[in-house]
$ cat protein.cif   # mmCIF, N, CA and C atoms and all ligand atoms
data_target
#
loop_
_atom_site.label_atom_id
_atom_site.label_comp_id
_atom_site.auth_asym_id
_atom_site.auth_seq_id
_atom_site.Cartn_x
_atom_site.Cartn_y
_atom_site.Cartn_z
N MET T 22 8.89 -9.64 1.12
CA MET T 22 7.92 -10.24 2.04
C MET T 22 7.40 -11.55 1.47
N ALA T 23 7.15 -12.50 2.34
CA ALA T 23 6.66 -13.80 1.88
C ALA T 23 5.22 -13.69 1.39
N ILE T 24 4.93 -14.42 0.35
CA ILE T 24 3.57 -14.44 -0.19
C ILE T 24 2.84 -15.64 0.41
N VAL T 25 1.67 -15.42 0.95
CA VAL T 25 0.87 -16.48 1.54
C VAL T 25 -0.38 -16.67 0.69
N ARG T 26 -0.67 -17.92 0.38
CA ARG T 26 -1.91 -18.20 -0.36
C ARG T 26 -3.00 -18.60 0.60
N PHE T 27 -4.21 -18.16 0.34
CA PHE T 27 -5.34 -18.58 1.17
C PHE T 27 -6.60 -18.62 0.32
N GLY T 28 -7.55 -19.44 0.76
CA GLY T 28 -8.81 -19.55 0.04
C GLY T 28 -9.83 -18.56 0.58
N VAL T 29 -10.68 -18.08 -0.27
CA VAL T 29 -11.69 -17.12 0.16
C VAL T 29 -13.06 -17.61 -0.29
N SER T 30 -14.03 -17.59 0.63
CA SER T 30 -15.41 -17.89 0.26
C SER T 30 -16.20 -16.60 0.29
N LEU T 31 -16.93 -16.32 -0.76
CA LEU T 31 -17.79 -15.14 -0.72
C LEU T 31 -18.94 -15.26 -1.69
N GLU T 32 -19.95 -14.44 -1.47
CA GLU T 32 -21.15 -14.49 -2.28
C GLU T 32 -20.82 -14.17 -3.74
N LYS T 33 -21.64 -14.74 -4.63
CA LYS T 33 -21.43 -14.53 -6.06
C LYS T 33 -21.46 -13.04 -6.41
N GLU T 34 -22.37 -12.30 -5.79
CA GLU T 34 -22.49 -10.87 -6.09
C GLU T 34 -21.20 -10.12 -5.73
N LEU T 35 -20.62 -10.50 -4.58
CA LEU T 35 -19.39 -9.84 -4.16
C LEU T 35 -18.24 -10.19 -5.11
N LEU T 36 -18.22 -11.44 -5.54
CA LEU T 36 -17.17 -11.86 -6.47
C LEU T 36 -17.31 -11.11 -7.79
N ASP T 37 -18.55 -10.98 -8.27
CA ASP T 37 -18.79 -10.22 -9.50
C ASP T 37 -18.32 -8.78 -9.34
N ALA T 38 -18.62 -8.23 -8.16
CA ALA T 38 -18.22 -6.84 -7.89
C ALA T 38 -16.69 -6.73 -7.88
N LEU T 39 -16.04 -7.74 -7.30
CA LEU T 39 -14.57 -7.74 -7.26
C LEU T 39 -13.99 -7.82 -8.67
N ASP T 40 -14.57 -8.70 -9.49
CA ASP T 40 -14.08 -8.83 -10.87
C ASP T 40 -14.28 -7.54 -11.66
N GLN T 41 -15.42 -6.92 -11.42
CA GLN T 41 -15.69 -5.66 -12.11
C GLN T 41 -14.70 -4.58 -11.67
N TYR T 42 -14.45 -4.57 -10.36
CA TYR T 42 -13.48 -3.60 -9.80
C TYR T 42 -12.10 -3.83 -10.41
N ALA T 43 -11.71 -5.12 -10.51
CA ALA T 43 -10.40 -5.46 -11.07
C ALA T 43 -10.30 -5.02 -12.53
N GLU T 44 -11.39 -5.23 -13.27
CA GLU T 44 -11.38 -4.87 -14.69
C GLU T 44 -11.32 -3.36 -14.86
N GLU T 45 -12.14 -2.66 -14.10
CA GLU T 45 -12.20 -1.19 -14.23
C GLU T 45 -10.86 -0.54 -13.87
N ASN T 46 -10.15 -1.17 -12.93
CA ASN T 46 -8.89 -0.58 -12.49
C ASN T 46 -7.68 -1.23 -13.15
N HIS T 47 -7.95 -2.06 -14.17
CA HIS T 47 -6.90 -2.70 -14.96
C HIS T 47 -5.96 -3.57 -14.13
N PHE T 48 -6.52 -4.22 -13.13
CA PHE T 48 -5.72 -5.21 -12.40
C PHE T 48 -5.71 -6.49 -13.22
N THR T 49 -4.58 -7.19 -13.21
CA THR T 49 -4.47 -8.37 -14.04
C THR T 49 -5.12 -9.60 -13.41
N ASN T 50 -5.31 -9.59 -12.09
CA ASN T 50 -5.97 -10.71 -11.44
C ASN T 50 -6.62 -10.31 -10.14
N ARG T 51 -7.38 -11.23 -9.58
CA ARG T 51 -8.11 -10.94 -8.33
C ARG T 51 -7.16 -10.66 -7.16
N SER T 52 -6.05 -11.38 -7.11
CA SER T 52 -5.11 -11.17 -5.99
C SER T 52 -4.65 -9.73 -5.94
N GLN T 53 -4.35 -9.20 -7.12
CA GLN T 53 -3.87 -7.83 -7.19
C GLN T 53 -4.95 -6.85 -6.71
N ALA T 54 -6.19 -7.13 -7.12
CA ALA T 54 -7.32 -6.28 -6.72
C ALA T 54 -7.51 -6.32 -5.21
N ILE T 55 -7.46 -7.52 -4.64
CA ILE T 55 -7.65 -7.67 -3.19
C ILE T 55 -6.52 -6.98 -2.43
N ARG T 56 -5.30 -7.17 -2.92
CA ARG T 56 -4.13 -6.53 -2.30
C ARG T 56 -4.33 -5.00 -2.24
N HIS T 57 -4.77 -4.47 -3.37
CA HIS T 57 -4.98 -3.03 -3.45
C HIS T 57 -6.06 -2.56 -2.47
N LEU T 58 -7.16 -3.30 -2.41
CA LEU T 58 -8.26 -2.93 -1.52
C LEU T 58 -7.81 -2.94 -0.05
N ILE T 59 -7.04 -3.96 0.30
CA ILE T 59 -6.59 -4.06 1.70
C ILE T 59 -5.64 -2.93 2.05
N SER T 60 -4.70 -2.62 1.16
CA SER T 60 -3.74 -1.58 1.50
C SER T 60 -4.42 -0.22 1.54
N GLN T 61 -5.42 -0.02 0.69
CA GLN T 61 -6.18 1.23 0.72
C GLN T 61 -6.90 1.38 2.05
N ASN T 62 -7.48 0.29 2.49
CA ASN T 62 -8.20 0.30 3.76
C ASN T 62 -7.26 0.57 4.93
N ASN T 63 -6.04 0.02 4.83
CA ASN T 63 -5.04 0.26 5.87
C ASN T 63 -4.73 1.74 5.99
N VAL T 64 -4.57 2.40 4.85
CA VAL T 64 -4.27 3.83 4.85
C VAL T 64 -5.45 4.59 5.44
N ALA T 65 -6.67 4.20 5.07
CA ALA T 65 -7.86 4.88 5.57
C ALA T 65 -7.96 4.74 7.08
N THR T 66 -7.60 3.58 7.60
CA THR T 66 -7.64 3.37 9.04
C THR T 66 -6.58 4.22 9.74
N LYS T 67 -5.40 4.26 9.15
CA LYS T 67 -4.31 5.07 9.69
C LYS T 67 -4.72 6.53 9.80
N TRP T 68 -5.52 6.95 8.83
CA TRP T 68 -5.94 8.35 8.74
C TRP T 68 -6.72 8.80 9.97
N GLN T 69 -7.34 7.84 10.67
CA GLN T 69 -8.15 8.17 11.83
C GLN T 69 -7.32 8.17 13.12
N CYS T 70 -6.05 7.87 13.03
CA CYS T 70 -5.29 7.68 14.25
C CYS T 70 -4.15 8.67 14.38
N ASN T 71 -3.18 8.34 15.21
CA ASN T 71 -2.10 9.28 15.49
C ASN T 71 -0.85 9.04 14.66
N ASN T 72 -0.96 8.18 13.66
CA ASN T 72 0.21 7.94 12.80
C ASN T 72 0.53 9.18 11.97
N LEU T 73 1.80 9.26 11.58
CA LEU T 73 2.25 10.39 10.77
C LEU T 73 1.87 10.17 9.31
N VAL T 74 1.16 11.10 8.75
CA VAL T 74 0.76 11.00 7.35
C VAL T 74 1.01 12.35 6.66
N ALA T 75 1.04 12.30 5.34
CA ALA T 75 1.18 13.52 4.55
C ALA T 75 0.14 13.48 3.46
N GLY T 76 -0.28 14.63 3.03
CA GLY T 76 -1.31 14.65 1.99
C GLY T 76 -1.62 16.05 1.55
N SER T 77 -2.78 16.18 0.92
CA SER T 77 -3.19 17.49 0.45
C SER T 77 -4.68 17.68 0.66
N ILE T 78 -5.04 18.92 0.87
CA ILE T 78 -6.45 19.28 0.97
C ILE T 78 -6.75 20.19 -0.21
N THR T 79 -7.67 19.77 -1.04
CA THR T 79 -8.05 20.57 -2.21
C THR T 79 -9.39 21.22 -1.95
N LEU T 80 -9.46 22.51 -2.19
CA LEU T 80 -10.71 23.25 -1.97
C LEU T 80 -11.05 24.04 -3.23
N VAL T 81 -12.30 24.00 -3.63
CA VAL T 81 -12.77 24.82 -4.74
C VAL T 81 -13.88 25.72 -4.20
N PHE T 82 -13.77 27.00 -4.48
CA PHE T 82 -14.73 27.94 -3.89
C PHE T 82 -14.81 29.24 -4.69
N ASN T 83 -15.88 29.96 -4.43
CA ASN T 83 -16.06 31.29 -4.99
C ASN T 83 -15.52 32.29 -3.98
N HIS T 84 -14.48 33.01 -4.34
CA HIS T 84 -13.82 33.86 -3.34
C HIS T 84 -14.66 35.08 -2.96
N HIS T 85 -15.75 35.33 -3.69
CA HIS T 85 -16.62 36.46 -3.34
C HIS T 85 -17.51 36.16 -2.14
N LYS T 86 -17.66 34.88 -1.79
CA LYS T 86 -18.52 34.52 -0.65
C LYS T 86 -18.04 35.24 0.59
N ARG T 87 -18.99 35.85 1.26
CA ARG T 87 -18.71 36.66 2.43
C ARG T 87 -17.93 35.88 3.51
N ASP T 88 -16.84 36.45 3.96
CA ASP T 88 -16.02 35.91 5.06
C ASP T 88 -15.28 34.61 4.74
N LEU T 89 -15.49 34.08 3.54
CA LEU T 89 -14.89 32.78 3.23
C LEU T 89 -13.35 32.82 3.29
N MET T 90 -12.75 33.77 2.59
CA MET T 90 -11.29 33.85 2.57
C MET T 90 -10.72 34.07 3.97
N LYS T 91 -11.40 34.90 4.76
CA LYS T 91 -10.94 35.18 6.12
C LYS T 91 -10.97 33.91 6.96
N LYS T 92 -12.06 33.14 6.83
CA LYS T 92 -12.18 31.90 7.61
C LYS T 92 -11.11 30.89 7.21
N LEU T 93 -10.87 30.78 5.90
CA LEU T 93 -9.83 29.84 5.43
C LEU T 93 -8.47 30.24 5.98
N THR T 94 -8.19 31.53 5.95
CA THR T 94 -6.89 32.02 6.44
C THR T 94 -6.77 31.80 7.95
N ASP T 95 -7.82 32.12 8.68
CA ASP T 95 -7.80 31.94 10.15
C ASP T 95 -7.52 30.48 10.51
N LEU T 96 -8.24 29.57 9.83
CA LEU T 96 -8.05 28.14 10.11
C LEU T 96 -6.62 27.70 9.81
N GLN T 97 -6.10 28.17 8.68
CA GLN T 97 -4.74 27.74 8.30
C GLN T 97 -3.70 28.29 9.27
N HIS T 98 -3.94 29.48 9.80
CA HIS T 98 -3.00 30.01 10.80
C HIS T 98 -3.07 29.20 12.08
N HIS T 99 -4.30 28.80 12.42
CA HIS T 99 -4.48 28.02 13.64
C HIS T 99 -3.76 26.67 13.55
N TYR T 100 -3.73 26.10 12.34
CA TYR T 100 -3.11 24.78 12.14
C TYR T 100 -1.75 24.91 11.43
N HIS T 101 -1.08 26.05 11.61
CA HIS T 101 0.16 26.31 10.87
C HIS T 101 1.21 25.21 11.03
N ASP T 102 1.20 24.54 12.18
CA ASP T 102 2.25 23.54 12.44
C ASP T 102 2.09 22.26 11.60
N VAL T 103 0.95 22.06 10.94
CA VAL T 103 0.81 20.88 10.08
C VAL T 103 0.74 21.27 8.60
N ILE T 104 0.79 22.56 8.31
CA ILE T 104 0.70 23.00 6.91
C ILE T 104 2.09 23.27 6.34
N LEU T 105 2.40 22.58 5.25
CA LEU T 105 3.71 22.73 4.63
C LEU T 105 3.72 23.90 3.66
N SER T 106 2.64 24.01 2.89
CA SER T 106 2.61 24.99 1.83
C SER T 106 1.20 25.06 1.26
N SER T 107 0.89 26.12 0.54
CA SER T 107 -0.40 26.13 -0.14
C SER T 107 -0.29 26.85 -1.48
N LEU T 108 -1.13 26.40 -2.39
CA LEU T 108 -1.15 26.97 -3.74
C LEU T 108 -2.53 27.51 -4.01
N HIS T 109 -2.61 28.67 -4.60
CA HIS T 109 -3.92 29.25 -4.91
C HIS T 109 -3.98 29.50 -6.41
N PHE T 110 -5.04 29.01 -7.05
CA PHE T 110 -5.23 29.22 -8.48
C PHE T 110 -6.51 30.02 -8.70
N HIS T 111 -6.45 31.05 -9.52
CA HIS T 111 -7.65 31.79 -9.88
C HIS T 111 -8.17 31.20 -11.18
N PHE T 112 -9.25 30.43 -11.10
CA PHE T 112 -9.79 29.76 -12.30
C PHE T 112 -10.42 30.75 -13.26
N ASP T 113 -11.23 31.61 -12.72
CA ASP T 113 -11.89 32.63 -13.55
C ASP T 113 -12.22 33.82 -12.65
N LYS T 114 -13.16 34.62 -13.07
CA LYS T 114 -13.52 35.84 -12.34
C LYS T 114 -13.91 35.54 -10.89
N ASP T 115 -14.58 34.40 -10.66
CA ASP T 115 -15.12 34.08 -9.34
C ASP T 115 -14.45 32.90 -8.65
N LEU T 116 -14.17 31.87 -9.44
CA LEU T 116 -13.82 30.57 -8.87
C LEU T 116 -12.32 30.43 -8.58
N CYS T 117 -12.02 29.86 -7.44
CA CYS T 117 -10.63 29.62 -7.04
C CYS T 117 -10.45 28.16 -6.61
N MET T 118 -9.22 27.71 -6.73
CA MET T 118 -8.87 26.41 -6.15
C MET T 118 -7.64 26.61 -5.26
N GLU T 119 -7.68 26.00 -4.10
CA GLU T 119 -6.54 26.05 -3.21
C GLU T 119 -6.12 24.63 -2.89
N ILE T 120 -4.82 24.36 -2.99
CA ILE T 120 -4.28 23.06 -2.62
C ILE T 120 -3.32 23.27 -1.45
N ILE T 121 -3.64 22.65 -0.36
CA ILE T 121 -2.85 22.83 0.86
C ILE T 121 -2.10 21.53 1.15
N ALA T 122 -0.80 21.59 1.16
CA ALA T 122 0.01 20.41 1.47
C ALA T 122 0.15 20.31 2.98
N VAL T 123 -0.13 19.13 3.51
CA VAL T 123 -0.14 18.96 4.96
C VAL T 123 0.68 17.73 5.38
N LYS T 124 1.18 17.79 6.58
CA LYS T 124 1.91 16.65 7.15
C LYS T 124 1.75 16.70 8.66
N GLY T 125 1.37 15.57 9.24
CA GLY T 125 1.20 15.55 10.68
C GLY T 125 0.43 14.33 11.12
N LYS T 126 -0.10 14.39 12.34
CA LYS T 126 -0.88 13.28 12.84
C LYS T 126 -2.18 13.18 12.05
N ALA T 127 -2.53 11.96 11.69
CA ALA T 127 -3.70 11.72 10.86
C ALA T 127 -4.95 12.38 11.41
N ALA T 128 -5.15 12.24 12.70
CA ALA T 128 -6.37 12.78 13.30
C ALA T 128 -6.43 14.30 13.20
N VAL T 129 -5.27 14.93 13.31
CA VAL T 129 -5.22 16.40 13.24
C VAL T 129 -5.52 16.88 11.82
N LEU T 130 -4.94 16.18 10.83
CA LEU T 130 -5.17 16.56 9.44
C LEU T 130 -6.63 16.36 9.05
N THR T 131 -7.22 15.28 9.55
CA THR T 131 -8.64 15.02 9.27
C THR T 131 -9.49 16.13 9.87
N GLU T 132 -9.14 16.52 11.09
CA GLU T 132 -9.87 17.59 11.77
C GLU T 132 -9.78 18.90 10.99
N LEU T 133 -8.56 19.22 10.54
CA LEU T 133 -8.37 20.45 9.76
C LEU T 133 -9.17 20.40 8.46
N ALA T 134 -9.07 19.29 7.75
CA ALA T 134 -9.78 19.16 6.46
C ALA T 134 -11.28 19.28 6.67
N ASP T 135 -11.79 18.63 7.70
CA ASP T 135 -13.23 18.70 7.98
C ASP T 135 -13.67 20.14 8.21
N LYS T 136 -12.86 20.87 8.97
CA LYS T 136 -13.21 22.27 9.28
C LYS T 136 -13.16 23.13 8.03
N LEU T 137 -12.12 22.94 7.20
CA LEU T 137 -11.99 23.75 5.99
C LEU T 137 -13.14 23.47 5.03
N ILE T 138 -13.44 22.18 4.85
CA ILE T 138 -14.47 21.79 3.88
C ILE T 138 -15.85 22.25 4.34
N ALA T 139 -16.01 22.39 5.67
CA ALA T 139 -17.30 22.81 6.21
C ALA T 139 -17.53 24.32 6.12
N VAL T 140 -16.50 25.07 5.76
CA VAL T 140 -16.67 26.53 5.67
C VAL T 140 -17.73 26.84 4.61
N LYS T 141 -18.63 27.73 4.97
CA LYS T 141 -19.74 28.07 4.08
C LYS T 141 -19.21 28.68 2.78
N GLY T 142 -19.62 28.11 1.67
CA GLY T 142 -19.18 28.63 0.38
C GLY T 142 -18.20 27.71 -0.32
N ILE T 143 -17.66 26.72 0.40
CA ILE T 143 -16.76 25.74 -0.24
C ILE T 143 -17.62 24.83 -1.12
N GLU T 144 -17.28 24.79 -2.41
CA GLU T 144 -18.10 24.01 -3.33
C GLU T 144 -17.65 22.55 -3.40
N HIS T 145 -16.34 22.35 -3.38
CA HIS T 145 -15.80 21.00 -3.35
C HIS T 145 -14.60 20.98 -2.42
N GLY T 146 -14.46 19.89 -1.70
CA GLY T 146 -13.30 19.76 -0.84
C GLY T 146 -12.92 18.31 -0.70
N LYS T 147 -11.61 18.06 -0.71
CA LYS T 147 -11.19 16.67 -0.60
C LYS T 147 -9.82 16.58 0.07
N LEU T 148 -9.71 15.60 0.94
CA LEU T 148 -8.44 15.32 1.61
C LEU T 148 -7.87 14.05 1.00
N THR T 149 -6.63 14.10 0.56
CA THR T 149 -5.96 12.88 0.10
C THR T 149 -4.78 12.61 1.03
N MET T 150 -4.30 11.39 1.00
CA MET T 150 -3.36 11.02 2.04
C MET T 150 -2.37 9.94 1.59
N SER T 151 -1.24 9.92 2.24
CA SER T 151 -0.34 8.78 2.09
C SER T 151 0.47 8.67 3.37
N ARG T 152 1.04 7.52 3.54
CA ARG T 152 1.83 7.31 4.75
C ARG T 152 3.09 8.16 4.72
N ALA T 153 3.51 8.61 5.87
CA ALA T 153 4.72 9.42 5.92
C ALA T 153 5.63 8.92 7.05
N ASP T 154 5.47 7.66 7.41
CA ASP T 154 6.35 7.12 8.46
C ASP T 154 7.05 5.87 7.97
NI NI T 201 -8.43 33.24 -6.42
#
$ encode --input "protein.cif" --output "structure tokens" --more "lines below"
Ligand code: NI
Amino acid sequence: MAIVRFGVSLEKELLDALDQYAEENHFTNRSQAIRHLISQNNVATKWQCNNLVAGSITLVFNHHKRDLMKKLTDLQHHYHDVILSSLHFHFDKDLCMEIIAVKGKAAVLTELADKLIAVKGIEHGKLTMSRAD
């Protein structure tokens, strides 16, 4: 792809924030940092739409919580057509982690993740994503 150069005007505070971001993420220059930010934003936008994406939903929870496992299972059966696979880890006596691999329309995966993460007793939940088209 052709590289296009352009000038950018922005507040000193924003520039400082950009430089800090570049340093923290070990980018060698501002262009690289900006490129990364834009492509990340593109993926985030895609996530809200009907594009095909793949990703994972990570859930951490105490499996003793009343009805929690049943609700998670019910939801996953309801969305079976976008679930590729799931892994369950028993961390200790109480705590579990489940990683659910998903692929489908971005909006559907977001909907599923929101519902799973909202189940009472879920301590941490996160949806990650990448393009799949
Ligand atoms: Ni477990």
$ closest_atom_pairs --input "protein.cif" --of "chain T" --to "ligand NI 201 (chain T)" --cutoff "6 Å" --atoms "all atoms listed in the file" --output "JSON lines"
{"residue": "T:His109", "atom": "C", "partner": "T:NI201", "partner_atom": "NI", "distance": 5.8}
{"residue": "T:Phe110", "atom": "C", "partner": "T:NI201", "partner_atom": "NI", "distance": 4.4}
{"residue": "T:His111", "atom": "CA", "partner": "T:NI201", "partner_atom": "NI", "distance": 3.8}
{"residue": "T:Phe112", "atom": "N", "partner": "T:NI201", "partner_atom": "NI", "distance": 5.5}
{"residue": "T:Leu116", "atom": "C", "partner": "T:NI201", "partner_atom": "NI", "distance": 5.3}
{"residue": "T:Cys117", "atom": "CA", "partner": "T:NI201", "partner_atom": "NI", "distance": 4.3}
{"residue": "T:Met118", "atom": "N", "partner": "T:NI201", "partner_atom": "NI", "distance": 5.6}
$ select_by_dssp --input "protein.cif" --residues "stretch 32-87 of chain T" --states "alpha helix (DSSP H)" --output "MDAnalysis selection string"
chainID T and resid 33:45 51:67
$ write_last_selection --input "protein.cif" --atoms "N, CA and C atoms" --output "mmCIF file, keeping the file's coordinate frame"
data_model
loop_
_atom_site.group_PDB
_atom_site.id
_atom_site.type_symbol
_atom_site.label_atom_id
_atom_site.label_comp_id
_atom_site.auth_asym_id
_atom_site.auth_seq_id
_atom_site.Cartn_x
_atom_site.Cartn_y
_atom_site.Cartn_z
ATOM 1 N N LYS T 33 -21.640 -14.740 -4.630
ATOM 2 C CA LYS T 33 -21.430 -14.530 -6.060
ATOM 3 C C LYS T 33 -21.460 -13.040 -6.410
ATOM 4 N N GLU T 34 -22.370 -12.300 -5.790
ATOM 5 C CA GLU T 34 -22.490 -10.870 -6.090
ATOM 6 C C GLU T 34 -21.200 -10.120 -5.730
ATOM 7 N N LEU T 35 -20.620 -10.500 -4.580
ATOM 8 C CA LEU T 35 -19.390 -9.840 -4.160
ATOM 9 C C LEU T 35 -18.240 -10.190 -5.110
ATOM 10 N N LEU T 36 -18.220 -11.440 -5.540
ATOM 11 C CA LEU T 36 -17.170 -11.860 -6.470
ATOM 12 C C LEU T 36 -17.310 -11.110 -7.790
ATOM 13 N N ASP T 37 -18.550 -10.980 -8.270
ATOM 14 C CA ASP T 37 -18.790 -10.220 -9.500
ATOM 15 C C ASP T 37 -18.320 -8.780 -9.340
ATOM 16 N N ALA T 38 -18.620 -8.230 -8.160
ATOM 17 C CA ALA T 38 -18.220 -6.840 -7.890
ATOM 18 C C ALA T 38 -16.690 -6.730 -7.880
ATOM 19 N N LEU T 39 -16.040 -7.740 -7.300
ATOM 20 C CA LEU T 39 -14.570 -7.740 -7.260
ATOM 21 C C LEU T 39 -13.990 -7.820 -8.670
ATOM 22 N N ASP T 40 -14.570 -8.700 -9.490
ATOM 23 C CA ASP T 40 -14.080 -8.830 -10.870
ATOM 24 C C ASP T 40 -14.280 -7.540 -11.660
ATOM 25 N N GLN T 41 -15.420 -6.920 -11.420
ATOM 26 C CA GLN T 41 -15.690 -5.660 -12.110
ATOM 27 C C GLN T 41 -14.700 -4.580 -11.670
ATOM 28 N N TYR T 42 -14.450 -4.570 -10.360
ATOM 29 C CA TYR T 42 -13.480 -3.600 -9.800
ATOM 30 C C TYR T 42 -12.100 -3.830 -10.410
ATOM 31 N N ALA T 43 -11.710 -5.120 -10.510
ATOM 32 C CA ALA T 43 -10.400 -5.460 -11.070
ATOM 33 C C ALA T 43 -10.300 -5.020 -12.530
ATOM 34 N N GLU T 44 -11.390 -5.230 -13.270
ATOM 35 C CA GLU T 44 -11.380 -4.870 -14.690
ATOM 36 C C GLU T 44 -11.320 -3.360 -14.860
ATOM 37 N N GLU T 45 -12.140 -2.660 -14.100
ATOM 38 C CA GLU T 45 -12.200 -1.190 -14.230
ATOM 39 C C GLU T 45 -10.860 -0.540 -13.870
ATOM 40 N N ARG T 51 -7.380 -11.230 -9.580
ATOM 41 C CA ARG T 51 -8.110 -10.940 -8.330
ATOM 42 C C ARG T 51 -7.160 -10.660 -7.160
ATOM 43 N N SER T 52 -6.050 -11.380 -7.110
ATOM 44 C CA SER T 52 -5.110 -11.170 -5.990
ATOM 45 C C SER T 52 -4.650 -9.730 -5.940
ATOM 46 N N GLN T 53 -4.350 -9.200 -7.120
ATOM 47 C CA GLN T 53 -3.870 -7.830 -7.190
ATOM 48 C C GLN T 53 -4.950 -6.850 -6.710
ATOM 49 N N ALA T 54 -6.190 -7.130 -7.120
ATOM 50 C CA ALA T 54 -7.320 -6.280 -6.720
ATOM 51 C C ALA T 54 -7.510 -6.320 -5.210
ATOM 52 N N ILE T 55 -7.460 -7.520 -4.640
ATOM 53 C CA ILE T 55 -7.650 -7.670 -3.190
ATOM 54 C C ILE T 55 -6.520 -6.980 -2.430
ATOM 55 N N ARG T 56 -5.300 -7.170 -2.920
ATOM 56 C CA ARG T 56 -4.130 -6.530 -2.300
ATOM 57 C C ARG T 56 -4.330 -5.000 -2.240
ATOM 58 N N HIS T 57 -4.770 -4.470 -3.370
ATOM 59 C CA HIS T 57 -4.980 -3.030 -3.450
ATOM 60 C C HIS T 57 -6.060 -2.560 -2.470
ATOM 61 N N LEU T 58 -7.160 -3.300 -2.410
ATOM 62 C CA LEU T 58 -8.260 -2.930 -1.520
ATOM 63 C C LEU T 58 -7.810 -2.940 -0.050
ATOM 64 N N ILE T 59 -7.040 -3.960 0.300
ATOM 65 C CA ILE T 59 -6.590 -4.060 1.700
ATOM 66 C C ILE T 59 -5.640 -2.930 2.050
ATOM 67 N N SER T 60 -4.700 -2.620 1.160
ATOM 68 C CA SER T 60 -3.740 -1.580 1.500
ATOM 69 C C SER T 60 -4.420 -0.220 1.540
ATOM 70 N N GLN T 61 -5.420 -0.020 0.690
ATOM 71 C CA GLN T 61 -6.180 1.230 0.720
ATOM 72 C C GLN T 61 -6.900 1.380 2.050
ATOM 73 N N ASN T 62 -7.480 0.290 2.490
ATOM 74 C CA ASN T 62 -8.200 0.300 3.760
ATOM 75 C C ASN T 62 -7.260 0.570 4.930
ATOM 76 N N ASN T 63 -6.040 0.020 4.830
ATOM 77 C CA ASN T 63 -5.040 0.260 5.870
ATOM 78 C C ASN T 63 -4.730 1.740 5.990
ATOM 79 N N VAL T 64 -4.570 2.400 4.850
ATOM 80 C CA VAL T 64 -4.270 3.830 4.850
ATOM 81 C C VAL T 64 -5.450 4.590 5.440
ATOM 82 N N ALA T 65 -6.670 4.200 5.070
ATOM 83 C CA ALA T 65 -7.860 4.880 5.570
ATOM 84 C C ALA T 65 -7.960 4.740 7.080
ATOM 85 N N THR T 66 -7.600 3.580 7.600
ATOM 86 C CA THR T 66 -7.640 3.370 9.040
ATOM 87 C C THR T 66 -6.580 4.220 9.740
ATOM 88 N N LYS T 67 -5.400 4.260 9.150
ATOM 89 C CA LYS T 67 -4.310 5.070 9.690
ATOM 90 C C LYS T 67 -4.720 6.530 9.800
#
$ residues_around --input "protein.cif" --residues "stretch 148-151 of chain T" --least-positions-apart "4" --cutoff "7 Å" --atoms "all atoms listed in the file" --output "list in words"
Val64, Leu73, Val74, Ala75, Gly76, Ser77, Ile78, Thr79 and Ala134 of chain T
$ atom_distance --input "protein.cif" --atom1 "atom C of T:Ile143" --atom2 "atom CA of T:Ala122"
18.4 Å
$ closest_residue --input "protein.cif" --among "T:Val129, T:Leu58, T:Lys136, T:Leu35" --to "T:Leu96" --atoms "all atoms listed in the file"
T:Lys136
$ closest_residue --input "protein.cif" --among "T:Asp115, T:Gly125, T:Leu80, T:Leu108" --to "T:Lys147" --atoms "only N, CA and C atoms"
T:Leu80
$ atom_distance --input "protein.cif" --atom1 "atom N of T:Gly146" --atom2 "atom C of T:Val81"
6.4 Å
$ select_by_dssp --input "protein.cif" --residues "chain T" --states "strand (DSSP E)" --output "PyMOL selection string"
chain T and resi 73-83+104-111+116-126+143-152
$ atom_distance --input "protein.cif" --atom1 "atom CA of T:Phe82" --atom2 "atom CA of T:Glu144"
5.2 Å
$ closest_residue --input "protein.cif" --among "T:His84, T:Arg152, T:Arg26, T:His99" --to "T:Glu119" --atoms "only C-alpha atoms"
T:His84
$ closest_residue --input "protein.cif" --among "T:Gln41, T:Leu137, T:Ser52, T:Ile121" --to "T:Leu93" --atoms "only N, CA and C atoms"
T:Leu137
